[in-house]
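To keep things clear, I will list the structure first and then write my remarks on it.
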There are 2 protein chains.
Amino acid sequence: MTKAEKTRDFIVERTAPIFNMKGYAGTSLNDITAATGLTKGSIYGNFANKDEVALAAFDHNLHHNVSQIEAELNNHSSIKGKLLAYVSVYQSFFVGKISTGGCPILNTAIDADDTHPALREKALKAVLSWKKRIITLVEEGILNKEIKADYNPEQVALTVIAMIEGGIMISRLTNKVENWNLIMDSLKKYINNLG
Amino acid sequence: MTKAEKTRDFIVERTAPIFNMKGYAGTSLNDITAATGLTKGSIYGNFANKDEVALAAFDHNLHHNVSQIEAELNNHSSIKGKLLAYVSVYQSFFVGKISTGGCPILNTAIDADDTHPALREKALKAVLSWKKRIITLVEEGILNKEIKADYNPEQVALTVIAMIEGGIMISRLTNKVENWNLIMDSLKKYINNLG
DNA sequence: ATTAAAATATACCGATCGGTATAAAGTTAA
DNA sequence: TTAACTTTATACCGATCGGTATATTTTAAT
């Protein structure tokens, strides 16, 4: 790992929460230099432009989510347990610890959908990948007889994602964990009723 | 209605979709003058600053939603029918007609939550008002025996809002009405199972 | 039609925007 | 240790940012 690679990672690490909170247009080069303690020359020595920093920051934020989810999924053997794991992972993102601005997929989807095609594309791929992951789980659950065969895996996946993302928006806006808990109780009931 | 009041409304009308699509930081004074054909002098003759335009634009977008919803609620007599009316109204926002950037509550919540307290407050109030409206409906439904008494009205309200807002995010990002329909089928099932 | 007031346009402000050319400093291999 | 190379800092660019003082035009009452 060269010095430049380390600096690149450092810049991404420091700016990722800022992009997640302020969005693409709301994050300035000045924000980036302030967060890193580096100068513009150094930023542009490691990235071609602000876009590249933003895209790398999204990847970093997303990877942070995905790795935590995959780790938690491994703690459960049943399909329902794995589906419920999403709830606990996302809860940990904004309960107790310092918030870094919520779910990067949701933030980027809303921030970039009408303005920044490259970021939008990344958010889209993240949602599709998430959907696919849940579909696979549900299909396994149906084969296992853990989930009733008349459920549409795609519909289950979309419903789970919608409730989590909608729940994040509401809970962060109202700043009430109780709201998150109520919504997630509905989601848990939905998941438990799948089979 | 004075000339200035008309101009004020005109400015709000023209800029509301821009703020909804690009967000607060992403919408510039130049965007505002371009959309209205007016000059900065005229804008600042009617508004103190960009904030005031943004706040008025949010109110405009919100009112547009609320009035459509209230109209649709009046078309239904049963509580479940009224709850299902939310689905059809929100569907009409991004199916068929030119999109103006999706749900203003969701957009503003994500755009402003970490950056713009005044806008954030407006989005918060809108969600709380929406929640309260659904709670009232559910409470009426319980009194009517249309909804089982063991349902928590607040939880139902939060669940409905989460699914709609999560559904909007996913459907707009993927640009697929089918996704909206699948999520809303889950929501319809949820509502029908309330009683 | 005249005039006072209200509304809009012009021209400008300093600050900040993203970005870059180039010099200085730091790193690494010989 | 030196020389080649990589990385970072300095100083600057034109463009755009939000905002304003003032002049011009438009409106509305007499």
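Note on naming: chains are A, B, ... as they come in the structure tokens, residues start from 1 per chain, ligands start from 1 in the order shown.
Using only C-alpha atoms (C1' of nucleotides), the part of chain D that sits within 9 Å of chain B is made up of DC17, DG18, DG19, DT20 and DT27 of chain D.
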Could you list, as a compact mmCIF listing (two decimals) with N, CA and C atoms, in the first residue's frame, the residues of chain A having an atom within 6 Å of chain B when counting only C-alpha atoms?
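Wrote it out as result_30.txt, contents follow:
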# COMPACT_ATOMS: atom_id res chain seq x y z
N MET A 21 -24.21 12.92 4.88
CA MET A 21 -25.07 13.88 5.59
C MET A 21 -25.50 15.03 4.70
N ALA A 25 -24.21 17.92 -3.76
CA ALA A 25 -24.14 19.37 -3.97
C ALA A 25 -23.82 20.10 -2.68
N GLY A 26 -24.24 19.55 -1.56
CA GLY A 26 -24.03 20.22 -0.28
C GLY A 26 -22.65 20.04 0.30
N ASP A 114 -32.43 12.81 -9.38
CA ASP A 114 -32.75 13.74 -10.46
C ASP A 114 -31.57 14.61 -10.88
N GLN A 155 -41.62 -9.80 -4.24
CA GLN A 155 -42.51 -8.93 -3.46
C GLN A 155 -42.06 -8.86 -2.01
N THR A 159 -40.85 -5.45 -0.17
CA THR A 159 -41.58 -5.02 1.02
C THR A 159 -40.64 -4.82 2.21
N ALA A 162 -38.57 -1.69 1.59
CA ALA A 162 -39.39 -0.48 1.72
C ALA A 162 -39.64 -0.15 3.18
N MET A 163 -39.95 -1.15 3.98
CA MET A 163 -40.24 -0.88 5.38
C MET A 163 -39.00 -0.41 6.13
N GLU A 165 -36.31 1.15 4.80
CA GLU A 165 -35.91 2.49 4.35
C GLU A 165 -36.93 3.55 4.78
N GLY A 166 -38.20 3.22 4.65
CA GLY A 166 -39.22 4.14 5.15
C GLY A 166 -39.09 4.33 6.65
N GLY A 167 -38.78 3.26 7.34
CA GLY A 167 -38.60 3.34 8.79
C GLY A 167 -37.42 4.20 9.18
N LEU A 182 -41.55 0.41 16.56
CA LEU A 182 -42.92 0.08 16.17
C LEU A 182 -42.98 -0.42 14.73
N ILE A 183 -42.26 0.29 13.85
CA ILE A 183 -42.25 -0.12 12.44
C ILE A 183 -41.59 -1.49 12.29
Exercise for review: Please report as number ranges by chain which residues of chain C come no farther than 10 Å from chain B, using only C-alpha atoms (C1' of nucleotides).
Suggested key: C: 6-10
Exercise for review: Tell me which protein, DNA and RNA residues are within 12 Å of DT30 (chain D), counting only C-alpha atoms (C1' of nucleotides), leaving out same-chain ones fewer than 4 positions away, and put them as a list of chain:residue names.
Suggested key: C:DA1, C:DT2, C:DT3, C:DA4
Would you output that residue set with C-alpha atoms (C1' of nucleotides), as an mmCIF file, in the first residue's frame?
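The result, stored in out-v5.cif:
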data_model
loop_
_atom_site.group_PDB
_atom_site.id
_atom_site.type_symbol
_atom_site.label_atom_id
_atom_site.label_comp_id
_atom_site.auth_asym_id
_atom_site.auth_seq_id
_atom_site.Cartn_x
_atom_site.Cartn_y
_atom_site.Cartn_z
ATOM 1 C "C1'" DA C 1 -53.322 62.630 -16.983
ATOM 2 C "C1'" DT C 2 -50.603 63.081 -12.940
ATOM 3 C "C1'" DT C 3 -48.330 61.375 -9.189
ATOM 4 C "C1'" DA C 4 -46.989 58.579 -5.422
#
Exercise for review: Compile the contact shell of DT28 (chain C) as a list in words: residues with an atom at most 10 Å away, counting only C-alpha atoms (C1' of nucleotides), same-chain residues fewer than 2 positions apart removed.
Suggested key: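 Returned residues: DG26 and DA30 of chain C; DA4, DC5 and DT6 of chain D.
C1' of DA11 (chain C) is found 9.5 Å from C1' of DA21 (chain D).
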Review point. Within 12 Å of DG14 (chain D), counting only C-alpha atoms (C1' of nucleotides), which residues qualify if same-chain residues fewer than 2 places away don't, as a PyMOL selection string?
Key: (chain C and resi 17-20) or (chain D and resi 12+16)
Those same residues - C-alpha atoms (C1' of nucleotides) - I'd like them written as an mmCIF file, in the first residue's frame.
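Just written: selection-v1.cif:
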data_model
loop_
_atom_site.group_PDB
_atom_site.id
_atom_site.type_symbol
_atom_site.label_atom_id
_atom_site.label_comp_id
_atom_site.auth_asym_id
_atom_site.auth_seq_id
_atom_site.Cartn_x
_atom_site.Cartn_y
_atom_site.Cartn_z
ATOM 1 C "C1'" DC C 17 -17.382 27.405 -5.956
ATOM 2 C "C1'" DG C 18 -14.589 23.500 -8.457
ATOM 3 C "C1'" DG C 19 -10.338 23.155 -10.545
ATOM 4 C "C1'" DT C 20 -5.197 23.752 -11.971
ATOM 5 C "C1'" DC D 12 -3.957 31.399 -8.450
ATOM 6 C "C1'" DT D 16 -20.829 31.039 -9.920
#
Exercise for review: For Val87 (chain B), please output as a PyMOL selection string all residues within 9 Å (counting only C-alpha atoms (C1' of nucleotides); exclusion window: fewer than 2 positions along the same chain).
Suggested key: chain B and resi 83-85+89-92+164+184+187-188
**Study point:** Residue set, region 35-95 of chain B restricted to alpha helix (DSSP H), as a PyMOL selection string
**Key:** chain B and resi 35-36+40-46+50-73+79-94
Would you output that residue set with N, CA and C atoms, as a compact mmCIF listing (two decimals), in the first residue's frame?
# COMPACT_ATOMS: atom_id res chain seq x y z
N ALA B 35 -36.15 29.67 -14.18
CA ALA B 35 -37.46 29.02 -14.19
C ALA B 35 -38.60 30.03 -14.24
N THR B 36 -38.34 31.22 -13.75
CA THR B 36 -39.40 32.23 -13.68
C THR B 36 -39.31 33.26 -14.79
N LYS B 40 -32.99 38.65 -10.42
CA LYS B 40 -32.74 38.53 -8.98
C LYS B 40 -33.44 39.63 -8.20
N GLY B 41 -33.40 40.83 -8.77
CA GLY B 41 -34.05 41.95 -8.10
C GLY B 41 -35.51 41.66 -7.80
N SER B 42 -36.17 41.04 -8.77
CA SER B 42 -37.58 40.73 -8.60
C SER B 42 -37.79 39.63 -7.55
N ILE B 43 -36.92 38.64 -7.60
CA ILE B 43 -37.02 37.57 -6.61
C ILE B 43 -36.86 38.14 -5.20
N TYR B 44 -35.82 38.96 -5.03
CA TYR B 44 -35.54 39.50 -3.71
C TYR B 44 -36.47 40.65 -3.33
N GLY B 45 -37.23 41.11 -4.30
CA GLY B 45 -38.29 42.05 -3.95
C GLY B 45 -39.49 41.35 -3.33
N ASN B 46 -39.59 40.05 -3.56
CA ASN B 46 -40.73 39.27 -3.05
C ASN B 46 -40.36 38.30 -1.94
N LYS B 50 -33.07 33.07 -0.17
CA LYS B 50 -33.34 31.77 -0.78
C LYS B 50 -34.11 30.86 0.16
N ASP B 51 -33.81 30.96 1.43
CA ASP B 51 -34.51 30.15 2.43
C ASP B 51 -36.03 30.33 2.34
N GLU B 52 -36.43 31.58 2.25
CA GLU B 52 -37.88 31.85 2.22
C GLU B 52 -38.52 31.24 0.99
N VAL B 53 -37.82 31.27 -0.13
CA VAL B 53 -38.36 30.64 -1.33
C VAL B 53 -38.46 29.13 -1.12
N ALA B 54 -37.42 28.55 -0.56
CA ALA B 54 -37.42 27.11 -0.34
C ALA B 54 -38.53 26.68 0.61
N LEU B 55 -38.72 27.43 1.67
CA LEU B 55 -39.76 27.09 2.64
C LEU B 55 -41.15 27.21 2.01
N ALA B 56 -41.34 28.29 1.23
CA ALA B 56 -42.62 28.45 0.54
C ALA B 56 -42.82 27.36 -0.50
N ALA B 57 -41.75 26.96 -1.15
CA ALA B 57 -41.85 25.90 -2.15
C ALA B 57 -42.24 24.58 -1.50
N PHE B 58 -41.66 24.31 -0.35
CA PHE B 58 -42.04 23.08 0.36
C PHE B 58 -43.52 23.11 0.73
N ASP B 59 -43.96 24.24 1.29
CA ASP B 59 -45.38 24.36 1.65
C ASP B 59 -46.27 24.11 0.44
N HIS B 60 -45.86 24.66 -0.68
CA HIS B 60 -46.63 24.49 -1.91
C HIS B 60 -46.70 23.01 -2.31
N ASN B 61 -45.54 22.36 -2.32
CA ASN B 61 -45.51 20.95 -2.69
C ASN B 61 -46.34 20.11 -1.72
N LEU B 62 -46.20 20.42 -0.44
CA LEU B 62 -46.94 19.65 0.56
C LEU B 62 -48.44 19.85 0.40
N HIS B 63 -48.83 21.11 0.21
CA HIS B 63 -50.25 21.40 0.07
C HIS B 63 -50.84 20.68 -1.13
N HIS B 64 -50.05 20.60 -2.19
CA HIS B 64 -50.50 19.88 -3.38
C HIS B 64 -50.82 18.43 -3.04
N ASN B 65 -49.94 17.81 -2.26
CA ASN B 65 -50.17 16.43 -1.85
C ASN B 65 -51.40 16.32 -0.96
N VAL B 66 -51.41 17.15 0.08
CA VAL B 66 -52.46 17.04 1.10
C VAL B 66 -53.84 17.25 0.49
N SER B 67 -53.95 18.23 -0.39
CA SER B 67 -55.28 18.50 -0.96
C SER B 67 -55.76 17.34 -1.82
N GLN B 68 -54.83 16.74 -2.56
CA GLN B 68 -55.23 15.58 -3.36
C GLN B 68 -55.65 14.42 -2.47
N ILE B 69 -54.92 14.26 -1.37
CA ILE B 69 -55.25 13.15 -0.47
C ILE B 69 -56.61 13.37 0.19
N GLU B 70 -56.83 14.59 0.67
CA GLU B 70 -58.11 14.86 1.34
C GLU B 70 -59.27 14.66 0.38
N ALA B 71 -59.06 15.07 -0.87
CA ALA B 71 -60.11 14.88 -1.88
C ALA B 71 -60.40 13.40 -2.08
N GLU B 72 -59.33 12.62 -2.15
CA GLU B 72 -59.52 11.19 -2.39
C GLU B 72 -60.13 10.50 -1.17
N LEU B 73 -59.76 10.95 0.03
CA LEU B 73 -60.32 10.36 1.24
C LEU B 73 -61.84 10.53 1.26
N ILE B 79 -63.29 3.06 6.60
CA ILE B 79 -61.95 3.43 7.07
C ILE B 79 -60.88 2.74 6.23
N LYS B 80 -61.10 1.48 5.96
CA LYS B 80 -60.11 0.77 5.13
C LYS B 80 -60.02 1.41 3.75
N GLY B 81 -61.16 1.81 3.22
CA GLY B 81 -61.17 2.49 1.92
C GLY B 81 -60.35 3.77 1.98
N LYS B 82 -60.49 4.50 3.06
CA LYS B 82 -59.74 5.74 3.22
C LYS B 82 -58.24 5.46 3.32
N LEU B 83 -57.90 4.43 4.06
CA LEU B 83 -56.47 4.08 4.19
C LEU B 83 -55.90 3.68 2.83
N LEU B 84 -56.69 2.94 2.08
CA LEU B 84 -56.21 2.51 0.76
C LEU B 84 -56.12 3.68 -0.21
N ALA B 85 -56.84 4.75 0.10
CA ALA B 85 -56.81 5.92 -0.80
C ALA B 85 -55.41 6.51 -0.89
N TYR B 86 -54.65 6.42 0.19
CA TYR B 86 -53.27 6.93 0.16
C TYR B 86 -52.47 6.27 -0.95
N VAL B 87 -52.70 4.98 -1.13
CA VAL B 87 -51.97 4.25 -2.16
C VAL B 87 -52.24 4.83 -3.54
N SER B 88 -53.50 5.04 -3.84
CA SER B 88 -53.84 5.51 -5.19
C SER B 88 -53.37 6.93 -5.43
N VAL B 89 -53.45 7.78 -4.39
CA VAL B 89 -52.99 9.15 -4.57
C VAL B 89 -51.50 9.18 -4.82
N TYR B 90 -50.74 8.46 -4.01
CA TYR B 90 -49.30 8.50 -4.20
C TYR B 90 -48.89 7.84 -5.50
N GLN B 91 -49.65 6.85 -5.92
CA GLN B 91 -49.35 6.24 -7.21
C GLN B 91 -49.47 7.27 -8.33
N SER B 92 -50.49 8.12 -8.23
CA SER B 92 -50.74 9.09 -9.30
C SER B 92 -49.61 10.11 -9.40
N PHE B 93 -48.82 10.23 -8.33
CA PHE B 93 -47.75 11.23 -8.35
C PHE B 93 -46.62 10.90 -9.30
N PHE B 94 -46.42 9.62 -9.55
CA PHE B 94 -45.27 9.32 -10.41
C PHE B 94 -45.60 8.31 -11.49
